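Text of input28.txt, listed as compact mmCIF, C-alpha atoms:
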# COMPACT_ATOMS: atom_id res chain seq x y z
CA MET A 1 20.49 -82.03 -40.90
CA ALA A 2 20.53 -83.91 -37.56
CA LYS A 3 24.28 -84.35 -37.83
CA HIS A 4 24.74 -80.70 -38.68
CA PHE A 5 22.56 -79.76 -35.70
CA GLN A 6 24.62 -81.94 -33.35
CA ARG A 7 27.76 -80.25 -34.64
CA GLU A 8 26.24 -76.84 -33.95
CA LEU A 9 25.28 -77.90 -30.42
CA GLU A 10 28.82 -79.17 -29.78
CA LYS A 11 30.20 -75.88 -31.05
CA ILE A 12 27.99 -73.92 -28.67
CA LYS A 13 28.93 -76.19 -25.78
CA LYS A 14 32.58 -75.57 -26.59
CA SER A 15 32.04 -71.80 -26.78
CA ILE A 16 30.28 -71.57 -23.41
CA LEU A 17 33.05 -73.66 -21.83
CA THR A 18 35.71 -71.42 -23.34
CA LEU A 19 33.89 -68.41 -21.90
CA GLY A 20 33.58 -70.22 -18.56
CA ALA A 21 37.33 -70.93 -18.48
CA LEU A 22 38.09 -67.31 -19.32
CA VAL A 23 35.77 -66.05 -16.57
CA GLU A 24 37.39 -68.50 -14.12
CA ASP A 25 40.74 -66.94 -15.02
CA ARG A 26 39.37 -63.48 -14.34
CA VAL A 27 38.12 -64.56 -10.92
CA ARG A 28 41.57 -65.98 -10.12
CA LEU A 29 43.14 -62.73 -11.30
CA ALA A 30 40.73 -60.69 -9.17
CA ILE A 31 41.65 -62.73 -6.08
CA LYS A 32 45.33 -62.18 -6.85
CA SER A 33 44.74 -58.44 -7.19
CA ILE A 34 43.08 -58.40 -3.74
CA ASP A 35 45.85 -60.46 -2.18
CA LYS A 36 48.59 -58.23 -3.50
CA ARG A 37 46.50 -55.07 -3.62
CA ASP A 38 47.92 -54.73 -7.09
CA ALA A 39 46.52 -51.82 -9.12
CA ASP A 40 48.25 -53.08 -12.29
CA ILE A 41 46.45 -56.44 -12.22
CA ALA A 42 43.21 -54.57 -11.44
CA GLU A 43 43.76 -52.33 -14.45
CA GLN A 44 44.39 -55.38 -16.61
CA ILE A 45 41.05 -56.95 -15.52
CA ILE A 46 39.19 -53.76 -16.40
CA ARG A 47 40.95 -53.40 -19.75
CA MET A 48 40.27 -56.98 -20.84
CA ASP A 49 36.57 -57.06 -19.95
CA TYR A 50 35.51 -56.23 -23.52
CA GLU A 51 36.65 -59.71 -24.59
CA ILE A 52 34.09 -61.34 -22.29
CA ASP A 53 31.39 -58.91 -23.43
CA GLU A 54 32.04 -59.76 -27.07
CA MET A 55 32.02 -63.50 -26.41
CA GLU A 56 28.70 -63.23 -24.57
CA VAL A 57 27.08 -61.43 -27.51
CA ASP A 58 28.51 -63.96 -29.99
CA ILE A 59 27.27 -66.97 -28.00
CA GLU A 60 23.75 -65.55 -27.69
CA GLU A 61 23.65 -64.83 -31.41
CA GLU A 62 24.85 -68.36 -32.11
CA CYS A 63 22.09 -69.83 -29.90
CA LEU A 64 19.42 -67.74 -31.62
CA LYS A 65 20.68 -68.83 -35.03
CA VAL A 66 20.54 -72.52 -34.06
CA LEU A 67 17.08 -72.07 -32.52
CA ALA A 68 15.82 -70.46 -35.74
CA LEU A 69 17.52 -72.84 -38.16
CA HIS A 70 17.01 -76.19 -36.43
CA GLN A 71 13.95 -75.49 -34.31
CA PRO A 72 14.91 -77.96 -31.61
CA VAL A 73 12.42 -79.32 -29.09
CA ALA A 74 12.54 -81.02 -25.68
CA VAL A 75 16.01 -81.44 -24.17
CA ASP A 76 17.84 -79.58 -26.95
CA LEU A 77 15.54 -76.57 -26.73
CA ARG A 78 15.90 -76.49 -22.98
CA PHE A 79 19.67 -76.81 -23.31
CA LEU A 80 19.92 -73.84 -25.67
CA VAL A 81 17.75 -71.62 -23.47
CA SER A 82 19.90 -72.64 -20.49
CA VAL A 83 23.06 -71.71 -22.38
CA ILE A 84 21.60 -68.24 -23.03
CA LYS A 85 21.00 -67.82 -19.30
CA ILE A 86 24.34 -69.31 -18.19
CA ASN A 87 26.08 -67.08 -20.75
CA ASN A 88 24.44 -64.10 -19.07
CA ASP A 89 25.53 -65.23 -15.60
CA LEU A 90 29.12 -65.73 -16.76
CA GLU A 91 29.23 -62.25 -18.18
CA ARG A 92 27.92 -60.86 -14.91
CA ILE A 93 30.56 -62.75 -12.94
CA ALA A 94 33.14 -61.01 -15.11
CA ASP A 95 31.41 -57.70 -14.28
CA GLU A 96 31.89 -58.49 -10.59
CA THR A 97 35.61 -59.04 -11.16
CA VAL A 98 35.67 -55.58 -12.77
CA ASN A 99 33.90 -54.19 -9.69
CA ILE A 100 36.49 -55.86 -7.47
CA ALA A 101 39.26 -54.42 -9.66
CA HIS A 102 37.90 -50.88 -9.22
CA ARG A 103 37.85 -51.35 -5.42
CA VAL A 104 41.37 -52.80 -5.44
CA LYS A 105 42.56 -49.74 -7.36
CA THR A 106 41.06 -47.53 -4.65
CA ILE A 107 42.65 -49.41 -1.76
CA SER A 108 45.96 -50.21 -3.48
CA LYS A 109 47.55 -47.15 -1.88
CA ASN A 110 46.97 -48.65 1.58
CA ARG A 111 49.20 -51.68 1.23
CA ASP A 112 50.21 -51.57 4.88
CA PHE A 113 46.65 -51.80 6.10
CA LYS A 114 46.09 -55.34 7.39
CA PHE A 115 43.12 -57.20 5.94
CA ILE A 116 40.65 -57.98 8.68
CA PHE A 117 38.41 -60.41 6.77
CA ASP A 118 39.29 -63.85 5.58
CA TYR A 119 38.95 -62.96 1.89
CA ALA A 120 41.21 -65.75 0.75
CA THR A 121 38.93 -68.54 2.05
CA MET A 122 35.75 -66.82 0.90
CA ALA A 123 37.09 -66.08 -2.58
CA GLU A 124 38.44 -69.61 -2.84
CA LYS A 125 34.96 -70.94 -2.03
CA ALA A 126 33.23 -68.77 -4.64
CA SER A 127 35.87 -69.71 -7.19
CA THR A 128 35.37 -73.42 -6.42
CA MET A 129 31.61 -72.97 -6.82
CA LEU A 130 32.15 -71.51 -10.27
CA LYS A 131 34.51 -74.31 -11.25
CA MET A 132 32.10 -76.96 -9.97
CA SER A 133 29.09 -75.40 -11.68
CA LEU A 134 30.96 -75.43 -15.00
CA ASP A 135 32.07 -79.03 -14.42
CA ALA A 136 28.47 -79.93 -13.62
CA MET A 137 27.42 -78.27 -16.88
CA VAL A 138 29.90 -80.25 -19.00
CA ARG A 139 28.96 -83.58 -17.47
CA LEU A 140 25.29 -82.70 -16.84
CA ASP A 141 26.02 -83.84 -13.31
CA THR A 142 23.19 -82.87 -10.96
CA ASP A 143 24.97 -84.16 -7.84
CA THR A 144 27.76 -81.64 -8.27
CA ALA A 145 25.21 -78.96 -9.17
CA PHE A 146 23.28 -79.61 -5.95
CA LYS A 147 26.52 -79.34 -3.96
CA VAL A 148 27.11 -75.89 -5.46
CA CYS A 149 23.61 -74.77 -4.40
CA LEU A 150 24.34 -75.85 -0.84
CA MET A 151 27.73 -74.10 -0.79
CA ASP A 152 26.06 -70.76 -1.41
CA ASP A 153 25.05 -70.55 2.24
CA ASP A 154 28.71 -70.92 3.30
CA VAL A 155 29.65 -67.87 1.24
CA ASP A 156 26.78 -65.90 2.76
CA VAL A 157 28.10 -66.73 6.23
CA PHE A 158 31.39 -65.07 5.28
CA VAL A 159 29.58 -61.88 4.23
CA GLY A 160 27.80 -61.84 7.58
CA ARG A 161 31.16 -62.16 9.33
CA ALA A 162 32.72 -59.48 7.14
CA TYR A 163 29.85 -57.16 8.08
CA GLU A 164 30.35 -57.76 11.82
CA GLN A 165 34.08 -57.24 11.48
CA LEU A 166 33.53 -54.08 9.47
CA LYS A 167 31.30 -52.63 12.18
CA GLN A 168 33.84 -53.36 14.89
CA SER A 169 36.80 -52.13 12.86
CA ILE A 170 35.14 -48.89 11.86
CA CYS A 171 34.37 -48.11 15.48
CA ALA A 172 37.98 -48.85 16.39
CA MET A 173 39.51 -47.09 13.38
CA PRO A 174 37.05 -44.45 12.12
CA ASP A 175 39.80 -42.76 10.09
CA ASP A 176 40.16 -45.84 7.91
CA THR A 177 36.44 -46.00 7.10
CA GLY A 178 37.04 -45.58 3.36
CA VAL A 179 39.41 -48.54 3.05
CA LEU A 180 37.27 -50.66 5.34
CA ILE A 181 34.08 -50.07 3.35
CA ASN A 182 35.87 -50.89 0.10
CA MET A 183 37.12 -54.10 1.63
CA PHE A 184 33.63 -54.95 2.83
CA LEU A 185 32.18 -54.26 -0.61
CA ILE A 186 34.72 -56.66 -2.10
CA SER A 187 33.12 -59.35 0.06
CA ARG A 188 29.74 -58.43 -1.49
CA HIS A 189 31.15 -58.78 -5.00
CA ILE A 190 32.56 -62.21 -4.12
CA GLU A 191 29.14 -63.12 -2.70
CA ARG A 192 27.56 -62.21 -6.03
CA ILE A 193 30.04 -64.43 -7.88
CA GLY A 194 28.79 -67.26 -5.65
CA ASP A 195 25.18 -66.28 -6.45
CA HIS A 196 25.80 -66.45 -10.19
CA ALA A 197 27.59 -69.81 -9.84
CA THR A 198 24.47 -71.02 -8.00
CA ASN A 199 22.27 -69.76 -10.84
CA ILE A 200 24.41 -71.77 -13.28
CA ALA A 201 24.14 -74.89 -11.09
CA GLU A 202 20.36 -74.46 -10.87
CA GLU A 203 20.18 -74.22 -14.65
CA VAL A 204 22.19 -77.45 -14.94
CA ILE A 205 19.71 -79.23 -12.65
CA TYR A 206 16.86 -77.74 -14.65
CA VAL A 207 18.22 -78.80 -18.00
CA THR A 208 19.08 -82.28 -16.72
CA ASP A 209 16.13 -83.17 -14.56
CA GLY A 210 13.62 -80.64 -15.79
CA GLU A 211 13.18 -79.73 -12.16
CA ILE A 212 12.89 -76.15 -10.98
CA VAL A 213 15.21 -75.71 -8.02
CA ARG A 214 15.25 -71.95 -8.17
CA HIS A 215 13.72 -70.12 -5.25
CA GLY A 216 14.97 -72.61 -2.67
CA LYS A 217 12.46 -75.27 -3.54
CA PHE A 218 14.79 -78.23 -3.06
CA MET B 1 -1.98 -72.47 -36.32
CA ALA B 2 -0.72 -68.93 -36.93
CA LYS B 3 -3.75 -67.52 -35.15
CA HIS B 4 -3.23 -69.88 -32.25
CA PHE B 5 0.43 -68.85 -32.10
CA GLN B 6 -0.50 -65.17 -32.04
CA ARG B 7 -2.90 -65.85 -29.19
CA GLU B 8 -0.14 -67.63 -27.25
CA LEU B 9 2.22 -64.69 -27.83
CA GLU B 10 -0.43 -62.26 -26.60
CA LYS B 11 -0.94 -64.40 -23.52
CA ILE B 12 2.79 -64.37 -22.74
CA LYS B 13 2.94 -60.62 -23.28
CA LYS B 14 0.06 -60.21 -20.84
CA SER B 15 1.72 -62.49 -18.27
CA ILE B 16 5.03 -60.64 -18.34
CA LEU B 17 3.20 -57.33 -17.98
CA THR B 18 1.22 -58.67 -15.03
CA LEU B 19 4.49 -59.77 -13.43
CA GLY B 20 6.00 -56.36 -14.23
CA ALA B 21 3.09 -54.56 -12.56
CA LEU B 22 3.38 -56.78 -9.49
CA VAL B 23 7.13 -56.14 -9.24
CA GLU B 24 6.48 -52.38 -9.61
CA ASP B 25 4.11 -52.66 -6.64
CA ARG B 26 6.79 -54.41 -4.59
CA VAL B 27 9.27 -51.65 -5.37
CA ARG B 28 6.74 -49.04 -4.26
CA LEU B 29 6.11 -51.05 -1.10
CA ALA B 30 9.85 -51.33 -0.44
CA ILE B 31 10.24 -47.55 -0.77
CA LYS B 32 7.34 -47.07 1.66
CA SER B 33 8.95 -49.46 4.13
CA ILE B 34 12.19 -47.43 3.99
CA ASP B 35 10.32 -44.13 4.39
CA LYS B 36 8.42 -45.29 7.42
CA ARG B 37 11.03 -47.80 8.61
CA ASP B 38 8.08 -50.14 8.89
CA ALA B 39 8.99 -53.72 9.83
CA ASP B 40 5.41 -54.89 9.12
CA ILE B 41 5.51 -53.77 5.50
CA ALA B 42 9.00 -55.30 5.23
CA GLU B 43 7.68 -58.60 6.59
CA GLN B 44 4.82 -58.47 4.07
CA ILE B 45 7.28 -58.05 1.17
CA ILE B 46 9.31 -61.05 2.35
CA ARG B 47 6.21 -63.20 2.87
CA MET B 48 4.73 -62.46 -0.56
CA ASP B 49 7.90 -63.10 -2.59
CA TYR B 50 6.88 -66.68 -3.42
CA GLU B 51 4.13 -65.29 -5.69
CA ILE B 52 6.72 -63.61 -7.91
CA ASP B 53 8.91 -66.74 -7.87
CA GLU B 54 5.99 -68.89 -9.02
CA MET B 55 5.02 -66.47 -11.76
CA GLU B 56 8.59 -66.40 -13.07
CA VAL B 57 8.70 -70.19 -13.31
CA ASP B 58 5.29 -70.30 -15.03
CA ILE B 59 6.24 -67.67 -17.61
CA GLU B 60 9.48 -69.44 -18.50
CA GLU B 61 7.64 -72.75 -18.88
CA GLU B 62 5.08 -71.02 -21.07
CA CYS B 63 7.81 -69.58 -23.30
CA LEU B 64 9.52 -72.96 -23.65
CA LYS B 65 6.21 -74.59 -24.57
CA VAL B 66 5.52 -72.01 -27.27
CA LEU B 67 9.09 -72.30 -28.59
CA ALA B 68 8.71 -76.09 -28.84
CA LEU B 69 5.18 -76.13 -30.26
CA HIS B 70 5.33 -73.28 -32.74
CA GLN B 71 9.05 -73.11 -33.48
CA PRO B 72 9.00 -69.40 -34.23
CA VAL B 73 11.77 -67.65 -36.15
CA ALA B 74 13.06 -64.09 -36.60
CA VAL B 75 11.27 -61.43 -34.55
CA ASP B 76 9.02 -63.87 -32.69
CA LEU B 77 11.92 -66.08 -31.63
CA ARG B 78 13.89 -63.08 -30.48
CA PHE B 79 10.85 -61.77 -28.60
CA LEU B 80 10.40 -65.04 -26.70
CA VAL B 81 14.07 -65.26 -25.72
CA SER B 82 13.87 -61.64 -24.58
CA VAL B 83 10.82 -62.42 -22.44
CA ILE B 84 12.77 -65.23 -20.74
CA LYS B 85 15.55 -62.77 -19.91
CA ILE B 86 13.23 -59.93 -18.84
CA ASN B 87 11.30 -62.41 -16.69
CA ASN B 88 14.58 -63.24 -14.95
CA ASP B 89 15.39 -59.57 -14.37
CA LEU B 90 11.94 -58.89 -12.94
CA GLU B 91 12.31 -61.74 -10.48
CA ARG B 92 15.69 -60.39 -9.42
CA ILE B 93 14.22 -56.93 -8.88
CA ALA B 94 11.73 -58.57 -6.52
CA ASP B 95 14.70 -60.24 -4.77
CA GLU B 96 16.21 -56.80 -4.25
CA THR B 97 12.98 -55.58 -2.62
CA VAL B 98 13.28 -58.59 -0.28
CA ASN B 99 16.88 -57.57 0.47
CA ILE B 100 15.69 -54.04 1.22
CA ALA B 101 12.95 -55.46 3.45
CA HIS B 102 15.50 -57.42 5.50
CA ARG B 103 17.58 -54.27 6.01
CA VAL B 104 14.49 -52.23 6.94
CA LYS B 105 13.64 -54.85 9.54
CA THR B 106 17.12 -54.43 11.02
CA ILE B 107 16.97 -50.64 11.18
CA SER B 108 13.28 -50.35 12.10
CA LYS B 109 14.20 -50.09 15.77
CA ASN B 110 16.07 -46.86 15.08
CA ARG B 111 13.14 -44.78 13.96
CA ASP B 112 14.58 -41.61 15.46
CA PHE B 113 17.76 -41.86 13.47
CA LYS B 114 17.62 -39.24 10.73
CA PHE B 115 18.23 -40.50 7.22
CA ILE B 116 21.31 -38.88 5.80
CA PHE B 117 20.94 -39.95 2.17
CA ASP B 118 18.35 -38.77 -0.28
CA TYR B 119 16.78 -42.22 -0.66
CA ALA B 120 13.45 -40.84 -1.77
CA THR B 121 14.83 -39.25 -4.95
CA MET B 122 17.09 -42.19 -5.73
CA ALA B 123 14.35 -44.78 -5.20
CA GLU B 124 11.93 -42.67 -7.23
CA LYS B 125 14.41 -42.63 -10.09
CA ALA B 126 14.95 -46.41 -10.04
CA SER B 127 11.20 -46.94 -9.82
CA THR B 128 10.64 -44.62 -12.81
CA MET B 129 13.29 -46.54 -14.76
CA LEU B 130 11.42 -49.78 -14.12
CA LYS B 131 8.10 -48.24 -15.13
CA MET B 132 9.61 -46.77 -18.30
CA SER B 133 11.36 -50.02 -19.25
CA LEU B 134 8.04 -51.88 -18.97
CA ASP B 135 6.25 -49.17 -20.97
CA ALA B 136 9.00 -49.43 -23.59
CA MET B 137 8.46 -53.18 -23.69
CA VAL B 138 4.71 -52.90 -24.26
CA ARG B 139 5.05 -50.36 -27.02
CA LEU B 140 8.40 -51.68 -28.34
CA ASP B 141 9.50 -48.08 -27.97
CA THR B 142 13.29 -47.81 -28.33
CA ASP B 143 13.36 -44.06 -27.57
CA THR B 144 12.02 -44.67 -24.07
CA ALA B 145 14.31 -47.67 -23.68
CA PHE B 146 17.36 -45.54 -24.58
CA LYS B 147 16.28 -42.95 -22.01
CA VAL B 148 16.25 -45.67 -19.33
CA CYS B 149 19.81 -46.70 -20.25
CA LEU B 150 20.95 -43.10 -19.84
CA MET B 151 19.17 -42.72 -16.48
CA ASP B 152 21.26 -45.53 -15.02
CA ASP B 153 24.21 -43.16 -14.60
CA ASP B 154 22.05 -40.81 -12.48
CA VAL B 155 21.29 -43.63 -10.05
CA ASP B 156 24.99 -44.53 -9.85
CA VAL B 157 25.75 -40.91 -8.90
CA PHE B 158 23.43 -41.30 -5.90
CA VAL B 159 25.30 -44.41 -4.75
CA GLY B 160 28.57 -42.50 -4.98
CA ARG B 161 27.06 -39.73 -2.87
CA ALA B 162 25.63 -42.22 -0.36
CA TYR B 163 29.11 -43.72 -0.03
CA GLU B 164 30.71 -40.34 0.66
CA GLN B 165 28.01 -39.48 3.19
CA LEU B 166 28.40 -42.88 4.83
CA LYS B 167 32.13 -42.33 5.27
CA GLN B 168 31.61 -38.91 6.84
CA SER B 169 28.73 -40.05 9.06
CA ILE B 170 30.55 -43.10 10.37
CA CYS B 171 33.51 -40.96 11.37
CA ALA B 172 31.16 -38.54 13.12
CA MET B 173 28.94 -41.24 14.68
CA PRO B 174 30.96 -44.45 15.00
CA ASP B 175 28.41 -45.90 17.44
CA ASP B 176 25.75 -45.87 14.74
CA THR B 177 27.88 -47.78 12.25
CA GLY B 178 25.41 -50.68 12.04
CA VAL B 179 22.44 -48.53 11.06
CA LEU B 180 24.54 -46.45 8.71
CA ILE B 181 25.90 -49.46 6.84
CA ASN B 182 22.41 -50.92 6.47
CA MET B 183 21.22 -47.63 5.07
CA PHE B 184 24.14 -47.55 2.65
CA LEU B 185 23.42 -51.11 1.54
CA ILE B 186 19.82 -50.11 0.83
CA SER B 187 21.24 -47.63 -1.69
CA ARG B 188 23.13 -50.54 -3.32
CA HIS B 189 19.92 -52.57 -3.60
CA ILE B 190 18.16 -49.62 -5.22
CA GLU B 191 21.12 -49.29 -7.60
CA ARG B 192 20.65 -52.94 -8.61
CA ILE B 193 16.95 -52.32 -9.30
CA GLY B 194 18.10 -49.61 -11.70
CA ASP B 195 20.61 -52.04 -13.25
CA HIS B 196 17.91 -54.64 -13.90
CA ALA B 197 15.58 -51.99 -15.37
CA THR B 198 18.47 -51.08 -17.70
CA ASN B 199 18.86 -54.74 -18.69
CA ILE B 200 15.14 -54.81 -19.56
CA ALA B 201 15.46 -51.62 -21.61
CA GLU B 202 18.48 -53.06 -23.46
CA GLU B 203 16.49 -56.19 -24.26
CA VAL B 204 13.68 -54.03 -25.66
CA ILE B 205 16.15 -52.25 -27.94
CA TYR B 206 17.60 -55.60 -28.95
CA VAL B 207 14.26 -57.17 -29.76
CA THR B 208 13.11 -54.07 -31.63
CA ASP B 209 16.19 -53.02 -33.54
CA GLY B 210 18.21 -56.19 -33.34
CA GLU B 211 21.00 -54.02 -32.03
CA ILE B 212 23.22 -55.04 -29.15
CA VAL B 213 23.44 -52.11 -26.77
CA ARG B 214 24.70 -54.14 -23.86
CA HIS B 215 28.19 -53.36 -22.64
CA GLY B 216 27.85 -49.64 -23.24
CA LYS B 217 28.16 -49.85 -26.98
CA PHE B 218 25.71 -47.05 -27.78
Take the structure in the file and write it out as structure tokens.
Amino acid sequence: MAKHFQRELEKIKKSILTLGALVEDRVRLAIKSIDKRDADIAEQIIRMDYEIDEMEVDIEEECLKVLALHQPVAVDLRFLVSVIKINNDLERIADETVNIAHRVKTISKNRDFKFIFDYATMAEKASTMLKMSLDAMVRLDTDTAFKVCLMDDDVDVFVGRAYEQLKQSICAMPDDTGVLINMFLISRHIERIGDHATNIAEEVIYVTDGEIVRHGKF
Amino acid sequence: MAKHFQRELEKIKKSILTLGALVEDRVRLAIKSIDKRDADIAEQIIRMDYEIDEMEVDIEEECLKVLALHQPVAVDLRFLVSVIKINNDLERIADETVNIAHRVKTISKNRDFKFIFDYATMAEKASTMLKMSLDAMVRLDTDTAFKVCLMDDDVDVFVGRAYEQLKQSICAMPDDTGVLINMFLISRHIERIGDHATNIAEEVIYVTDGEIVRHGKF
């Protein structure tokens, strides 16, 4: 029974990592679609989102089954509940890539319009946060998880800058308001990807140390 | 043991409803702060947020304890996992009221500036969705929960309208871009309150019917 339970846990760990890798790919694809303002890539992200949705449902079902069958306690129970929450955050990161894709589709006609925000650096940061939070999860590495929590502020700084630049640009180019707002909203979606990566990192700390770091209490 | 377990479940149900009522109050307060552009109310919302944060942590701990001690299966297990997720959504709704409060503080100096979006109706709708989702949870009423899911589209329509109005207003009043963007972002925060209420409603349907309605599959 114990052996069977360990196998089930390993299977779930594998599943959540597979989902994590897939979501990482989507984030990379979303960044590429912004860079190239490529409506085709954007369309592809939207079309493939069902795969992530299905995986999320499957993983939650799997966790519930293991909870019911093996009735784990202590660390294992906490781990399974954390997987349910991380699963949810991963699916929502994928939703944000879909949101980005919709915005890219809208602005893809304005390829000549120069980007005024430093999306590349911001998106790279959020993407690194996601990667690190998943690494932290695999290795139950709280140091890396803490680093992710601290990086969240850096991403927020970019949103603040994007907002200031938006204000200035709109005043200078009121006719391009539509494109500019869409570009600004892309920065908000990237910010939310960073937020979800932080949630994942906080869960890792919680499952490892049993310490609640949510709500800025560290 | 069974009696003790039922008492624990009742206690958790009560706790999540208390949290729900408190979050409903915060949403009402946030709407009032927008209406009156009142920085004092906004400050109050920000200052009190720790209460919600603490309650969320307590409820999750409580659920984990009951899961470990009583090792429930079937409906009870599913209920407890749903409470953990609903708890999370409620806390995030409170976060959105804090976000609104920060924006209200920024625009509170521009009391004379006429609001161009119909915030009142939109906020009322999101607030009703939250109320209905909590009612649905208490009575495990899937009909009400389904209604909430359908209402989400109405809120999204308001955001679309706010966006169009923002574009027009910024072109007409480029000097007021800062206020206008903050007002637009308030509409996005209200939208997210509606999204979280929908998540709660979907959980209610899931725990009641065991049917996955997430990802628009109904």
Could you list, as a JSON list (two decimals) with C-alpha atoms, in the coordinates of the input, every residue of chain B that has an atom within 10 Å of an atom of chain A, counting only C-alpha atoms?
[["chain", "number", "residue", "atom", "x", "y", "z"],
["B", 49, "ASP", "CA", 7.90, -63.10, -2.59],
["B", 50, "TYR", "CA", 6.88, -66.68, -3.42],
["B", 52, "ILE", "CA", 6.72, -63.61, -7.91],
["B", 53, "ASP", "CA", 8.91, -66.74, -7.87],
["B", 54, "GLU", "CA", 5.99, -68.89, -9.02],
["B", 56, "GLU", "CA", 8.59, -66.40, -13.07],
["B", 57, "VAL", "CA", 8.70, -70.19, -13.31],
["B", 60, "GLU", "CA", 9.48, -69.44, -18.50],
["B", 61, "GLU", "CA", 7.64, -72.75, -18.88],
["B", 64, "LEU", "CA", 9.52, -72.96, -23.65],
["B", 65, "LYS", "CA", 6.21, -74.59, -24.57],
["B", 67, "LEU", "CA", 9.09, -72.30, -28.59],
["B", 68, "ALA", "CA", 8.71, -76.09, -28.84],
["B", 69, "LEU", "CA", 5.18, -76.13, -30.26],
["B", 70, "HIS", "CA", 5.33, -73.28, -32.74],
["B", 71, "GLN", "CA", 9.05, -73.11, -33.48],
["B", 72, "PRO", "CA", 9.00, -69.40, -34.23],
["B", 73, "VAL", "CA", 11.77, -67.65, -36.15],
["B", 74, "ALA", "CA", 13.06, -64.09, -36.60],
["B", 76, "ASP", "CA", 9.02, -63.87, -32.69],
["B", 77, "LEU", "CA", 11.92, -66.08, -31.63],
["B", 78, "ARG", "CA", 13.89, -63.08, -30.48],
["B", 81, "VAL", "CA", 14.07, -65.26, -25.72],
["B", 84, "ILE", "CA", 12.77, -65.23, -20.74],
["B", 85, "LYS", "CA", 15.55, -62.77, -19.91],
["B", 88, "ASN", "CA", 14.58, -63.24, -14.95],
["B", 91, "GLU", "CA", 12.31, -61.74, -10.48],
["B", 95, "ASP", "CA", 14.70, -60.24, -4.77],
["B", 163, "TYR", "CA", 29.11, -43.72, -0.03],
["B", 164, "GLU", "CA", 30.71, -40.34, 0.66],
["B", 166, "LEU", "CA", 28.40, -42.88, 4.83],
["B", 167, "LYS", "CA", 32.13, -42.33, 5.27],
["B", 168, "GLN", "CA", 31.61, -38.91, 6.84],
["B", 169, "SER", "CA", 28.73, -40.05, 9.06],
["B", 170, "ILE", "CA", 30.55, -43.10, 10.37],
["B", 171, "CYS", "CA", 33.51, -40.96, 11.37],
["B", 172, "ALA", "CA", 31.16, -38.54, 13.12],
["B", 173, "MET", "CA", 28.94, -41.24, 14.68],
["B", 174, "PRO", "CA", 30.96, -44.45, 15.00],
["B", 175, "ASP", "CA", 28.41, -45.90, 17.44],
["B", 176, "ASP", "CA", 25.75, -45.87, 14.74],
["B", 177, "THR", "CA", 27.88, -47.78, 12.25],
["B", 178, "GLY", "CA", 25.41, -50.68, 12.04],
["B", 179, "VAL", "CA", 22.44, -48.53, 11.06],
["B", 180, "LEU", "CA", 24.54, -46.45, 8.71],
["B", 181, "ILE", "CA", 25.90, -49.46, 6.84],
["B", 182, "ASN", "CA", 22.41, -50.92, 6.47],
["B", 185, "LEU", "CA", 23.42, -51.11, 1.54],
["B", 212, "ILE", "CA", 23.22, -55.04, -29.15],
["B", 214, "ARG", "CA", 24.70, -54.14, -23.86],
["B", 215, "HIS", "CA", 28.19, -53.36, -22.64],
["B", 216, "GLY", "CA", 27.85, -49.64, -23.24]]
What's the separation between CA of Lys14 in chain A and CA of Arg92 in chain B, in Å to one decimal place?
28.5 Å
Counting all atoms listed in the file, the option among A:Gln165, A:Ile46, A:Ala2, A:Arg37 closest to Phe117 in chain A
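Looking only at the distances to Phe117 in chain A, the closest residue turns out to be A:Gln165.
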Excluding same-chain residues fewer than 4 positions from Ile190 in chain A, what lies within 12 Å of it counting all atoms listed in the file, as a PyMOL selection string?
chain A and resi 27-28+30-31+34+92-101+118-130+152+155-156+158-159+162+183-186+194-197
I need the residues from that last selection saved to file as a short mmCIF file (atom, residue, chain, number, x, y, z; two decimals), in the coordinates of the input (with C-alpha atoms), if you can.
data_model
loop_
_atom_site.label_atom_id
_atom_site.label_comp_id
_atom_site.auth_asym_id
_atom_site.auth_seq_id
_atom_site.Cartn_x
_atom_site.Cartn_y
_atom_site.Cartn_z
CA VAL A 27 38.12 -64.56 -10.92
CA ARG A 28 41.57 -65.98 -10.12
CA ALA A 30 40.73 -60.69 -9.17
CA ILE A 31 41.65 -62.73 -6.08
CA ILE A 34 43.08 -58.40 -3.74
CA ARG A 92 27.92 -60.86 -14.91
CA ILE A 93 30.56 -62.75 -12.94
CA ALA A 94 33.14 -61.01 -15.11
CA ASP A 95 31.41 -57.70 -14.28
CA GLU A 96 31.89 -58.49 -10.59
CA THR A 97 35.61 -59.04 -11.16
CA VAL A 98 35.67 -55.58 -12.77
CA ASN A 99 33.90 -54.19 -9.69
CA ILE A 100 36.49 -55.86 -7.47
CA ALA A 101 39.26 -54.42 -9.66
CA ASP A 118 39.29 -63.85 5.58
CA TYR A 119 38.95 -62.96 1.89
CA ALA A 120 41.21 -65.75 0.75
CA THR A 121 38.93 -68.54 2.05
CA MET A 122 35.75 -66.82 0.90
CA ALA A 123 37.09 -66.08 -2.58
CA GLU A 124 38.44 -69.61 -2.84
CA LYS A 125 34.96 -70.94 -2.03
CA ALA A 126 33.23 -68.77 -4.64
CA SER A 127 35.87 -69.71 -7.19
CA THR A 128 35.37 -73.42 -6.42
CA MET A 129 31.61 -72.97 -6.82
CA LEU A 130 32.15 -71.51 -10.27
CA ASP A 152 26.06 -70.76 -1.41
CA VAL A 155 29.65 -67.87 1.24
CA ASP A 156 26.78 -65.90 2.76
CA PHE A 158 31.39 -65.07 5.28
CA VAL A 159 29.58 -61.88 4.23
CA ALA A 162 32.72 -59.48 7.14
CA MET A 183 37.12 -54.10 1.63
CA PHE A 184 33.63 -54.95 2.83
CA LEU A 185 32.18 -54.26 -0.61
CA ILE A 186 34.72 -56.66 -2.10
CA GLY A 194 28.79 -67.26 -5.65
CA ASP A 195 25.18 -66.28 -6.45
CA HIS A 196 25.80 -66.45 -10.19
CA ALA A 197 27.59 -69.81 -9.84
#
